[in-house]
file start_34.cif (mmCIF, C-alpha atoms and all ligand atoms)
data_upload
#
loop_
_atom_site.label_atom_id
_atom_site.label_comp_id
_atom_site.auth_asym_id
_atom_site.auth_seq_id
_atom_site.Cartn_x
_atom_site.Cartn_y
_atom_site.Cartn_z
CA MET A 1 -24.97 26.22 -12.10
CA THR A 2 -23.32 24.81 -8.99
CA LYS A 3 -19.57 24.82 -8.38
CA ASP A 4 -17.56 22.02 -9.95
CA PHE A 5 -14.97 19.86 -8.15
CA THR A 6 -16.80 19.78 -4.86
CA LEU A 7 -17.65 16.62 -2.95
CA ASP A 8 -21.33 17.28 -3.67
CA LYS A 9 -20.60 17.37 -7.39
CA TYR A 10 -18.62 14.15 -7.13
CA GLU A 11 -21.56 12.52 -5.35
CA SER A 12 -23.87 13.53 -8.23
CA PHE A 13 -21.34 12.07 -10.70
CA LEU A 14 -21.24 8.72 -8.86
CA LYS A 15 -25.01 8.61 -8.52
CA SER A 16 -25.55 9.27 -12.24
CA ALA A 17 -23.28 6.32 -13.06
CA ILE A 18 -25.13 4.06 -10.60
CA THR A 19 -28.55 5.15 -11.85
CA ASN A 20 -27.53 4.39 -15.42
CA GLY A 21 -26.56 0.81 -14.70
CA TYR A 22 -22.83 0.98 -14.06
CA GLN A 23 -21.13 -1.18 -11.44
CA LEU A 24 -18.70 1.00 -9.50
CA VAL A 25 -15.69 -1.10 -8.56
CA SER A 26 -12.02 -1.18 -7.60
CA TYR A 27 -9.38 -2.07 -10.16
CA GLN A 28 -8.87 -5.46 -8.53
CA ASP A 29 -12.59 -6.14 -8.63
CA TYR A 30 -12.63 -5.24 -12.30
CA LEU A 31 -9.79 -7.67 -12.99
CA ASN A 32 -11.55 -10.51 -11.20
CA ASN A 33 -14.99 -10.12 -12.78
CA ASN A 34 -16.83 -9.58 -16.03
CA PHE A 35 -19.11 -6.60 -15.66
CA ASP A 36 -21.41 -5.46 -18.50
CA LYS A 37 -21.22 -1.83 -17.54
CA VAL A 38 -18.44 -0.81 -15.23
CA LEU A 39 -16.86 2.32 -13.83
CA ILE A 40 -13.49 1.63 -12.20
CA LEU A 41 -12.95 4.07 -9.35
CA ARG A 42 -9.27 4.92 -9.26
CA HIS A 43 -7.87 7.56 -6.93
CA ASP A 44 -4.32 8.85 -6.97
CA VAL A 45 -3.67 10.16 -3.47
CA ASP A 46 -1.02 12.70 -4.44
CA LYS A 47 -1.56 14.76 -1.29
CA ARG A 48 -4.11 15.70 1.40
CA PRO A 49 -5.05 12.12 2.34
CA GLN A 50 -7.92 13.45 4.47
CA ASN A 51 -9.72 14.37 1.26
CA SER A 52 -9.37 10.79 0.09
CA LEU A 53 -10.92 9.61 3.34
CA LYS A 54 -13.91 11.80 2.49
CA THR A 55 -14.42 10.37 -1.00
CA ALA A 56 -13.89 6.87 0.45
CA GLN A 57 -16.61 7.51 3.05
CA LEU A 58 -18.93 8.94 0.42
CA GLN A 59 -18.49 5.84 -1.77
CA ASN A 60 -19.06 3.60 1.22
CA LYS A 61 -22.31 5.43 1.93
CA LEU A 62 -23.35 4.71 -1.67
CA GLY A 63 -22.42 1.04 -1.24
CA VAL A 64 -19.46 1.03 -3.63
CA ALA A 65 -15.67 0.72 -3.35
CA GLY A 66 -12.66 1.79 -5.38
CA THR A 67 -8.87 1.77 -5.43
CA TYR A 68 -6.69 4.27 -3.56
CA TYR A 69 -3.06 4.59 -4.60
CA PHE A 70 -0.75 6.06 -1.92
CA ARG A 71 2.66 7.60 -2.49
CA ALA A 72 5.78 6.98 -0.40
CA VAL A 73 5.94 10.62 0.74
CA PRO A 74 4.61 12.28 3.91
CA GLU A 75 2.01 14.39 2.09
CA SER A 76 0.31 11.18 0.92
CA TYR A 77 1.34 8.31 3.19
CA ASP A 78 -0.89 8.61 6.27
CA ILE A 79 -1.16 5.32 8.14
CA GLU A 80 -4.39 6.22 9.95
CA VAL A 81 -6.08 7.23 6.70
CA ILE A 82 -4.83 4.13 4.87
CA LYS A 83 -6.21 1.90 7.63
CA GLN A 84 -9.57 3.65 7.64
CA ILE A 85 -9.93 3.52 3.86
CA ALA A 86 -9.02 -0.19 3.85
CA ASP A 87 -11.57 -0.77 6.64
CA LEU A 88 -14.26 0.77 4.43
CA GLY A 89 -13.65 -2.05 1.94
CA HIS A 90 -11.58 -0.17 -0.63
CA GLU A 91 -8.52 -1.52 -2.40
CA ILE A 92 -5.16 -0.02 -1.42
CA GLY A 93 -2.31 0.21 -3.92
CA TYR A 94 1.12 1.77 -4.28
CA HIS A 95 1.43 5.02 -6.26
CA TYR A 96 5.08 4.53 -7.12
CA GLU A 97 7.67 7.12 -8.08
CA ASP A 98 10.80 5.28 -6.97
CA LEU A 99 12.88 6.35 -9.96
CA THR A 100 12.16 10.00 -9.19
CA ILE A 101 12.88 9.59 -5.46
CA CYS A 102 16.12 7.66 -6.17
CA LYS A 103 17.14 10.09 -8.92
CA GLY A 104 17.23 7.55 -11.72
CA ASP A 105 19.28 4.90 -9.89
CA TYR A 106 17.55 1.66 -10.91
CA GLU A 107 19.07 -0.56 -8.24
CA LYS A 108 18.17 1.81 -5.43
CA SER A 109 14.73 2.34 -6.98
CA ILE A 110 13.72 -1.32 -6.99
CA ILE A 111 14.85 -1.70 -3.36
CA HIS A 112 12.81 1.40 -2.52
CA PHE A 113 9.83 -0.05 -4.41
CA GLU A 114 10.01 -3.31 -2.49
CA LYS A 115 10.41 -1.56 0.86
CA TRP A 116 7.30 0.62 0.40
CA LEU A 117 5.26 -2.20 -1.05
CA THR A 118 6.08 -4.22 2.07
CA LYS A 119 5.07 -1.29 4.31
CA LEU A 120 1.72 -0.92 2.56
CA ARG A 121 1.12 -4.64 2.78
CA GLU A 122 1.00 -4.30 6.56
CA PHE A 123 -2.43 -2.74 6.01
CA TYR A 124 -3.68 -4.35 2.84
CA PRO A 125 -2.66 -7.27 0.57
CA VAL A 126 -1.60 -4.94 -2.25
CA LYS A 127 -2.06 -6.48 -5.71
CA THR A 128 -1.98 -3.47 -8.02
CA VAL A 129 0.35 -0.49 -8.38
CA CYS A 130 0.16 2.64 -10.47
CA MET A 131 2.80 5.17 -11.43
CA HIS A 132 2.81 8.72 -10.14
CA GLY A 133 3.44 10.95 -13.12
CA SER A 134 4.75 14.25 -11.85
CA PRO A 135 5.15 16.60 -14.81
CA MET A 136 7.95 18.36 -12.92
CA SER A 137 10.14 15.24 -12.74
CA LYS A 138 12.52 14.34 -15.52
CA TYR A 139 12.04 10.64 -14.77
CA ASP A 140 9.23 8.53 -16.17
CA ASN A 141 8.63 6.17 -13.25
CA ARG A 142 7.31 3.43 -15.54
CA LYS A 143 10.83 2.99 -16.92
CA LEU A 144 11.63 0.93 -13.82
CA TRP A 145 9.85 -1.93 -15.60
CA ASP A 146 12.31 -1.82 -18.48
CA ARG A 147 14.68 -3.62 -16.13
CA TYR A 148 12.43 -5.28 -13.57
CA ASP A 149 9.06 -7.02 -13.53
CA TYR A 150 6.37 -5.97 -11.05
CA LYS A 151 4.74 -9.37 -11.44
CA SER A 152 7.69 -10.90 -9.62
CA TYR A 153 6.58 -8.84 -6.58
CA ASP A 154 3.16 -10.49 -6.64
CA ILE A 155 1.62 -7.46 -8.33
CA VAL A 156 -1.02 -8.57 -10.81
CA ALA A 157 -1.54 -5.33 -12.72
CA GLU A 158 -0.55 -1.74 -13.39
CA PRO A 159 -3.23 0.30 -15.20
CA TYR A 160 -0.80 2.01 -17.60
CA PHE A 161 0.46 -1.40 -18.78
CA ASP A 162 -2.46 -3.74 -18.29
CA ILE A 163 -5.50 -1.85 -19.50
CA ASP A 164 -6.40 -1.56 -23.16
CA PHE A 165 -7.58 2.05 -23.28
CA ASN A 166 -9.23 1.39 -26.63
CA LYS A 167 -11.67 -0.78 -24.68
CA VAL A 168 -11.73 1.14 -21.42
CA PHE A 169 -12.59 4.82 -21.70
CA TYR A 170 -10.20 6.81 -19.50
CA ILE A 171 -11.30 9.99 -17.77
CA THR A 172 -9.09 11.96 -15.41
CA ASP A 173 -9.41 15.23 -13.51
CA THR A 174 -5.86 16.25 -14.41
CA GLY A 175 -5.66 20.02 -14.53
CA ARG A 176 -8.94 20.16 -12.62
CA LYS A 177 -11.04 19.57 -15.68
CA TRP A 178 -11.99 16.36 -17.46
CA ASP A 179 -10.28 17.13 -20.75
CA GLY A 180 -6.93 18.25 -19.34
CA ASN A 181 -5.09 15.02 -20.20
CA LYS A 182 -4.78 16.26 -23.77
CA VAL A 183 -2.02 18.58 -22.59
CA SER A 184 -0.79 16.41 -19.72
CA VAL A 185 2.86 15.43 -19.83
CA ARG A 186 2.44 11.90 -18.40
CA ASP A 187 -1.18 11.22 -17.44
CA LYS A 188 -2.37 10.34 -20.91
CA VAL A 189 -3.19 7.13 -22.70
CA ASP A 190 -3.54 6.02 -26.31
CA SER A 191 -7.19 5.66 -27.07
CA LYS A 192 -9.51 5.47 -30.05
CA PHE A 193 -12.42 7.03 -28.16
CA ASN A 194 -13.28 10.35 -29.65
CA LEU A 195 -15.17 11.65 -26.63
CA SER A 196 -14.26 14.68 -24.61
CA TYR A 197 -15.89 16.26 -21.58
CA HIS A 198 -14.85 19.41 -19.80
CA SER A 199 -17.03 19.71 -16.71
CA THR A 200 -18.48 17.16 -14.34
CA ASP A 201 -21.96 18.31 -15.37
CA GLU A 202 -21.16 17.35 -18.96
CA LEU A 203 -20.14 13.89 -17.79
CA ILE A 204 -23.28 13.52 -15.70
CA GLU A 205 -25.36 14.46 -18.73
CA ALA A 206 -23.46 11.91 -20.83
CA PHE A 207 -24.26 9.23 -18.24
CA ASN A 208 -27.91 10.24 -18.26
CA LYS A 209 -28.08 10.08 -22.05
CA ASP A 210 -26.28 6.72 -21.90
CA GLU A 211 -23.71 7.89 -24.45
CA LEU A 212 -20.61 6.71 -22.57
CA PRO A 213 -18.76 3.44 -23.30
CA ASN A 214 -19.60 0.41 -21.17
CA GLN A 215 -16.17 0.27 -19.56
CA ILE A 216 -14.76 3.39 -17.97
CA MET A 217 -11.86 4.15 -15.63
CA GLN A 218 -12.07 7.34 -13.66
CA ASN A 219 -8.88 8.66 -12.15
CA ILE A 220 -9.47 11.39 -9.62
CA HIS A 221 -7.14 13.21 -7.25
CA PRO A 222 -9.32 13.68 -4.18
CA GLN A 223 -7.30 16.72 -3.05
CA ARG A 224 -8.96 18.59 -5.92
CA TRP A 225 -12.46 17.84 -4.66
CA SER A 226 -13.63 19.79 -1.65
CA ASN A 227 -16.72 21.36 -0.17
CA ASN A 228 -14.45 23.64 1.86
CA ARG A 229 -14.35 27.09 0.22
CA LEU A 230 -10.75 27.91 1.16
CA GLU A 231 -9.38 24.53 0.06
CA TRP A 232 -11.38 24.75 -3.16
CA MET A 233 -9.90 28.21 -3.93
CA GLN A 234 -6.33 27.11 -3.05
CA GLU A 235 -6.58 24.20 -5.45
CA LEU A 236 -7.97 26.47 -8.19
CA VAL A 237 -5.09 28.97 -7.87
CA LEU A 238 -2.47 26.22 -7.68
CA GLN A 239 -3.93 24.46 -10.69
CA ASN A 240 -3.88 27.63 -12.77
CA ILE A 241 -0.18 28.04 -12.03
CA LYS A 242 0.52 24.39 -12.84
CA ASN A 243 -1.47 24.57 -16.05
CA SER A 244 0.51 27.54 -17.30
CA VAL A 245 3.80 25.76 -16.45
CA LYS A 246 2.59 22.67 -18.28
CA LYS A 247 1.58 24.77 -21.27
CA ALA A 248 5.09 26.21 -21.35
CA ILE A 249 6.60 22.70 -21.25
CA PHE A 250 4.17 21.47 -23.86
CA VAL A 251 4.90 24.31 -26.27
CA LYS A 252 8.67 23.72 -26.11
ZN ZN B 301 0.01 10.95 -8.79
#
call {"tool": "encode", "arguments": {"input": "start_34.cif", "output": "structure tokens", "more": "lines below"}}
Ligand SMILES: [Zn+2]
result
Amino acid sequence: MTKDFTLDKYESFLKSAITNGYQLVSYQDYLNNNFDKVLILRHDVDKRPQNSLKTAQLQNKLGVAGTYYFRAVPESYDIEVIKQIADLGHEIGYHYEDLTICKGDYEKSIIHFEKWLTKLREFYPVKTVCMHGSPMSKYDNRKLWDRYDYKSYDIVAEPYFDIDFNKVFYITDTGRKWDGNKVSVRDKVDSKFNLSYHSTDELIEAFNKDELPNQIMQNIHPQRWSNNRLEWMQELVLQNIKNSVKKAIFVK
């Protein structure tokens, strides 16, 4: 068996979806079209934007494009990378965590939201946003929309609010496995699908057997996917620590 969570493995995953008749698209593309079989390519650029450039280049080579959500923090927000990913035809969006950054102050948070949305719009006409759900933060960033409306900022959709996850099967690499969202603090959705996959190979097999739903959203964190041995090991060790912290929170 080959190592999981490498760029090569991700390429095999994408190819299995393409071979089995799925259109691989950005969130915006999904909203604007009616695809029979579709895999929405969502990427939360939590850190290491260079890794996102690599998945963006890989997808471009395969003739497909997805959505890349960037945070308003230095470990994610890299202007050169954002420009290059946009130039490859991908959608750019805002991975917002304004309530966390502004420590729960709603008025400051919405100003912060608007400021960073405007910055990103220098590079791309941003139409979708998506919350960053740090398990370490006491704030749920989606709460900002209890008081404000993202649609009044010319944002057409936010996956956590605007996707029916009973129709769209959600898979995420949270915890560096595909079934980690069961114990995730924030990155989870209500869904009737009773399907669960642990490794990327299992997902590839499911594509090949055509047993997956017709509409799927993948959410990957490209920092977790690397062909570089050292980076791959670092992410493994870090993830093990995080998983045990999450377990502790979850048990409480
Ligand atoms: Zn995130």
call {"tool": "closest_residue", "arguments": {"input": "start_34.cif", "among": "A:Gln239, A:Asn32, A:Ser137, A:Gln23", "to": "Met217 in chain A", "atoms": "only C-alpha atoms"}}
result
A:Gln23
call {"tool": "atom_distance", "arguments": {"input": "start_34.cif", "atom1": "CA of Gln59 in chain A", "atom2": "CA of Gln28 in chain A"}}
result
16.3 Å
call {"tool": "atom_distance", "arguments": {"input": "start_34.cif", "atom1": "CA of Thr6 in chain A", "atom2": "CA of Lys37 in chain A"}}
result
25.4 Å
call {"tool": "closest_residue", "arguments": {"input": "start_34.cif", "among": "A:Ile110, A:Pro125, A:Glu97, A:Lys167", "to": "Ser152 in chain A", "atoms": "only C-alpha atoms"}}
result
A:Ile110
call {"tool": "residues_near_ligand", "arguments": {"input": "start_34.cif", "ligand": "ligand ZN 301 (chain B)", "cutoff": "7 Å", "atoms": "only C-alpha atoms and all ligand atoms", "output": "ChimeraX atom specification"}}
result
/A:44-46,95,131-134
call {"tool": "closest_residue", "arguments": {"input": "start_34.cif", "among": "A:Gly104, A:Val81, A:Thr55, A:Tyr30", "to": "Asp8 in chain A", "atoms": "only C-alpha atoms"}}
result
A:Thr55
call {"tool": "axis_aligned_box", "arguments": {"input": "start_34.cif", "around": "range 5-20 of chain A", "padding_each_side": "8 Å", "output": "AutoDock Vina command-line options"}}
result
--center_x -21.8 --center_y 12.0 --center_z -9.2 --size_x 29.6 --size_y 31.8 --size_z 28.5
call {"tool": "atom_distance", "arguments": {"input": "start_34.cif", "atom1": "CA of Glu122 in chain A", "atom2": "CA of Gly93 in chain A"}}
result
11.9 Å
call {"tool": "residues_around", "arguments": {"input": "start_34.cif", "residues": "range 154-160 of chain A", "least_positions_apart": "3", "cutoff": "9 Å", "atoms": "only C-alpha atoms", "output": "number ranges by chain"}}
result
A: 27-28, 31, 126-131, 142, 150-151, 163-165, 189
call {"tool": "write_last_selection", "arguments": {"input": "start_34.cif", "atoms": "C-alpha atoms", "output": "PDB file, in the coordinates of the input"}}
result
ATOM      1  CA  TYR A  27      -9.380  -2.070 -10.160  1.00  0.00           C
ATOM      2  CA  GLN A  28      -8.870  -5.460  -8.530  1.00  0.00           C
ATOM      3  CA  LEU A  31      -9.790  -7.670 -12.990  1.00  0.00           C
ATOM      4  CA  VAL A 126      -1.600  -4.940  -2.250  1.00  0.00           C
ATOM      5  CA  LYS A 127      -2.060  -6.480  -5.710  1.00  0.00           C
ATOM      6  CA  THR A 128      -1.980  -3.470  -8.020  1.00  0.00           C
ATOM      7  CA  VAL A 129       0.350  -0.490  -8.380  1.00  0.00           C
ATOM      8  CA  CYS A 130       0.160   2.640 -10.470  1.00  0.00           C
ATOM      9  CA  MET A 131       2.800   5.170 -11.430  1.00  0.00           C
ATOM     10  CA  ARG A 142       7.310   3.430 -15.540  1.00  0.00           C
ATOM     11  CA  TYR A 150       6.370  -5.970 -11.050  1.00  0.00           C
ATOM     12  CA  LYS A 151       4.740  -9.370 -11.440  1.00  0.00           C
ATOM     13  CA  ILE A 163      -5.500  -1.850 -19.500  1.00  0.00           C
ATOM     14  CA  ASP A 164      -6.400  -1.560 -23.160  1.00  0.00           C
ATOM     15  CA  PHE A 165      -7.580   2.050 -23.280  1.00  0.00           C
ATOM     16  CA  VAL A 189      -3.190   7.130 -22.700  1.00  0.00           C
TER      17      VAL A 189
END
call {"tool": "closest_atom_pairs", "arguments": {"input": "start_34.cif", "of": "range 210-252 of chain A", "to": "range 14-18 of chain A", "cutoff": "12 Å", "atoms": "all atoms listed in the file", "output": "JSON lines"}}
result
{"residue": "A:Asp210", "atom": "CA", "partner": "A:Ala17", "partner_atom": "CA", "distance": 9.3}
{"residue": "A:Glu211", "atom": "CA", "partner": "A:Ala17", "partner_atom": "CA", "distance": 11.5}
{"residue": "A:Leu212", "atom": "CA", "partner": "A:Ala17", "partner_atom": "CA", "distance": 9.9}
{"residue": "A:Pro213", "atom": "CA", "partner": "A:Ala17", "partner_atom": "CA", "distance": 11.6}
{"residue": "A:Asn214", "atom": "CA", "partner": "A:Ala17", "partner_atom": "CA", "distance": 10.7}
{"residue": "A:Gln215", "atom": "CA", "partner": "A:Ala17", "partner_atom": "CA", "distance": 11.4}
{"residue": "A:Ile216", "atom": "CA", "partner": "A:Ala17", "partner_atom": "CA", "distance": 10.3}
{"residue": "A:Met217", "atom": "CA", "partner": "A:Ala17", "partner_atom": "CA", "distance": 11.9}
{"residue": "A:Gln218", "atom": "CA", "partner": "A:Leu14", "partner_atom": "CA", "distance": 10.4}
call {"tool": "residues_near_point", "arguments": {"input": "start_34.cif", "point": "(-13.7, 2.1, -4.0)", "cutoff": "6 Å", "atoms": "only C-alpha atoms", "output": "PyMOL selection string"}}
result
chain A and resi 25-26+41+64-67+90
call {"tool": "closest_residue", "arguments": {"input": "start_34.cif", "among": "A:Asn243, A:Gln57, A:Thr2, A:Asn33", "to": "Ser199 in chain A", "atoms": "all atoms listed in the file"}}
result
A:Thr2
call {"tool": "residues_around", "arguments": {"input": "start_34.cif", "residues": "range 170-179 of chain A", "least_positions_apart": "4", "cutoff": "10 Å", "atoms": "all atoms listed in the file", "output": "PyMOL selection string"}}
result
chain A and resi 4-5+39-40+42-43+163-166+183-184+187-191+193+195-200+202-203+213+215-222+224-225+235-236+238-240+242-243+246
call {"tool": "closest_residue", "arguments": {"input": "start_34.cif", "among": "A:Ile85, A:Ser109, A:Ser12, A:Cys102", "to": "Leu62 in chain A", "atoms": "only C-alpha atoms"}}
result
A:Ser12
call {"tool": "build_atoms", "arguments": {"input": "start_34.cif", "residues": "range 175-196 of chain A", "atoms": "N, CA, C and O atoms", "output": "compact mmCIF listing (two decimals), in the coordinates of the input"}}
result
# COMPACT_ATOMS: atom_id res chain seq x y z
N GLY A 175 -5.47 18.62 -14.17
CA GLY A 175 -5.66 20.02 -14.53
C GLY A 175 -6.98 20.57 -14.04
O GLY A 175 -7.40 21.65 -14.43
N ARG A 176 -7.65 19.80 -13.19
CA ARG A 176 -8.94 20.16 -12.62
C ARG A 176 -10.00 20.43 -13.68
O ARG A 176 -10.74 21.41 -13.65
N LYS A 177 -10.01 19.60 -14.66
CA LYS A 177 -11.04 19.57 -15.68
C LYS A 177 -10.95 18.17 -16.26
O LYS A 177 -9.98 17.46 -16.03
N TRP A 178 -11.96 17.75 -16.99
CA TRP A 178 -11.99 16.36 -17.46
C TRP A 178 -11.36 16.17 -18.83
O TRP A 178 -11.27 15.06 -19.34
N ASP A 179 -10.94 17.28 -19.45
CA ASP A 179 -10.28 17.13 -20.75
C ASP A 179 -8.84 17.66 -20.71
O ASP A 179 -8.27 18.02 -21.72
N GLY A 180 -8.27 17.70 -19.50
CA GLY A 180 -6.93 18.25 -19.34
C GLY A 180 -5.82 17.28 -19.73
O GLY A 180 -4.67 17.68 -19.91
N ASN A 181 -6.15 15.99 -19.87
CA ASN A 181 -5.09 15.02 -20.20
C ASN A 181 -4.55 15.20 -21.61
O ASN A 181 -3.50 14.69 -21.95
N LYS A 182 -5.28 15.98 -22.43
CA LYS A 182 -4.78 16.26 -23.77
C LYS A 182 -3.43 16.97 -23.71
O LYS A 182 -2.58 16.77 -24.56
N VAL A 183 -3.28 17.84 -22.70
CA VAL A 183 -2.02 18.58 -22.59
C VAL A 183 -1.16 18.07 -21.43
O VAL A 183 -0.15 18.65 -21.09
N SER A 184 -1.57 16.95 -20.83
CA SER A 184 -0.79 16.41 -19.72
C SER A 184 0.52 15.82 -20.23
O SER A 184 0.58 15.27 -21.33
N VAL A 185 1.56 15.96 -19.42
CA VAL A 185 2.86 15.43 -19.83
C VAL A 185 2.87 13.91 -19.72
O VAL A 185 3.34 13.21 -20.61
N ARG A 186 2.33 13.36 -18.60
CA ARG A 186 2.44 11.90 -18.40
C ARG A 186 1.10 11.19 -18.26
O ARG A 186 0.98 10.03 -18.61
N ASP A 187 0.09 11.91 -17.72
CA ASP A 187 -1.18 11.22 -17.44
C ASP A 187 -2.03 11.19 -18.70
O ASP A 187 -3.07 11.83 -18.79
N LYS A 188 -1.56 10.48 -19.70
CA LYS A 188 -2.37 10.34 -20.91
C LYS A 188 -2.21 8.93 -21.45
O LYS A 188 -1.22 8.25 -21.19
N VAL A 189 -3.21 8.49 -22.18
CA VAL A 189 -3.19 7.13 -22.70
C VAL A 189 -3.56 7.16 -24.18
O VAL A 189 -4.18 8.11 -24.65
N ASP A 190 -3.13 6.13 -24.91
CA ASP A 190 -3.54 6.02 -26.31
C ASP A 190 -4.95 5.46 -26.34
O ASP A 190 -5.23 4.44 -25.73
N SER A 191 -5.82 6.10 -27.07
CA SER A 191 -7.19 5.66 -27.07
C SER A 191 -7.87 6.03 -28.37
O SER A 191 -7.60 7.07 -28.96
N LYS A 192 -8.79 5.17 -28.81
CA LYS A 192 -9.51 5.47 -30.05
C LYS A 192 -10.81 6.25 -29.77
O LYS A 192 -11.45 6.73 -30.67
N PHE A 193 -11.17 6.34 -28.48
CA PHE A 193 -12.42 7.03 -28.16
C PHE A 193 -12.31 8.50 -28.52
O PHE A 193 -11.37 9.18 -28.13
N ASN A 194 -13.30 8.96 -29.27
CA ASN A 194 -13.28 10.35 -29.65
C ASN A 194 -14.33 11.12 -28.84
O ASN A 194 -15.22 11.74 -29.38
N LEU A 195 -14.21 11.00 -27.53
CA LEU A 195 -15.17 11.65 -26.63
C LEU A 195 -14.40 12.58 -25.72
O LEU A 195 -13.32 12.24 -25.26
N SER A 196 -14.95 13.73 -25.46
CA SER A 196 -14.26 14.68 -24.61
C SER A 196 -15.27 15.47 -23.78
O SER A 196 -16.29 15.93 -24.30
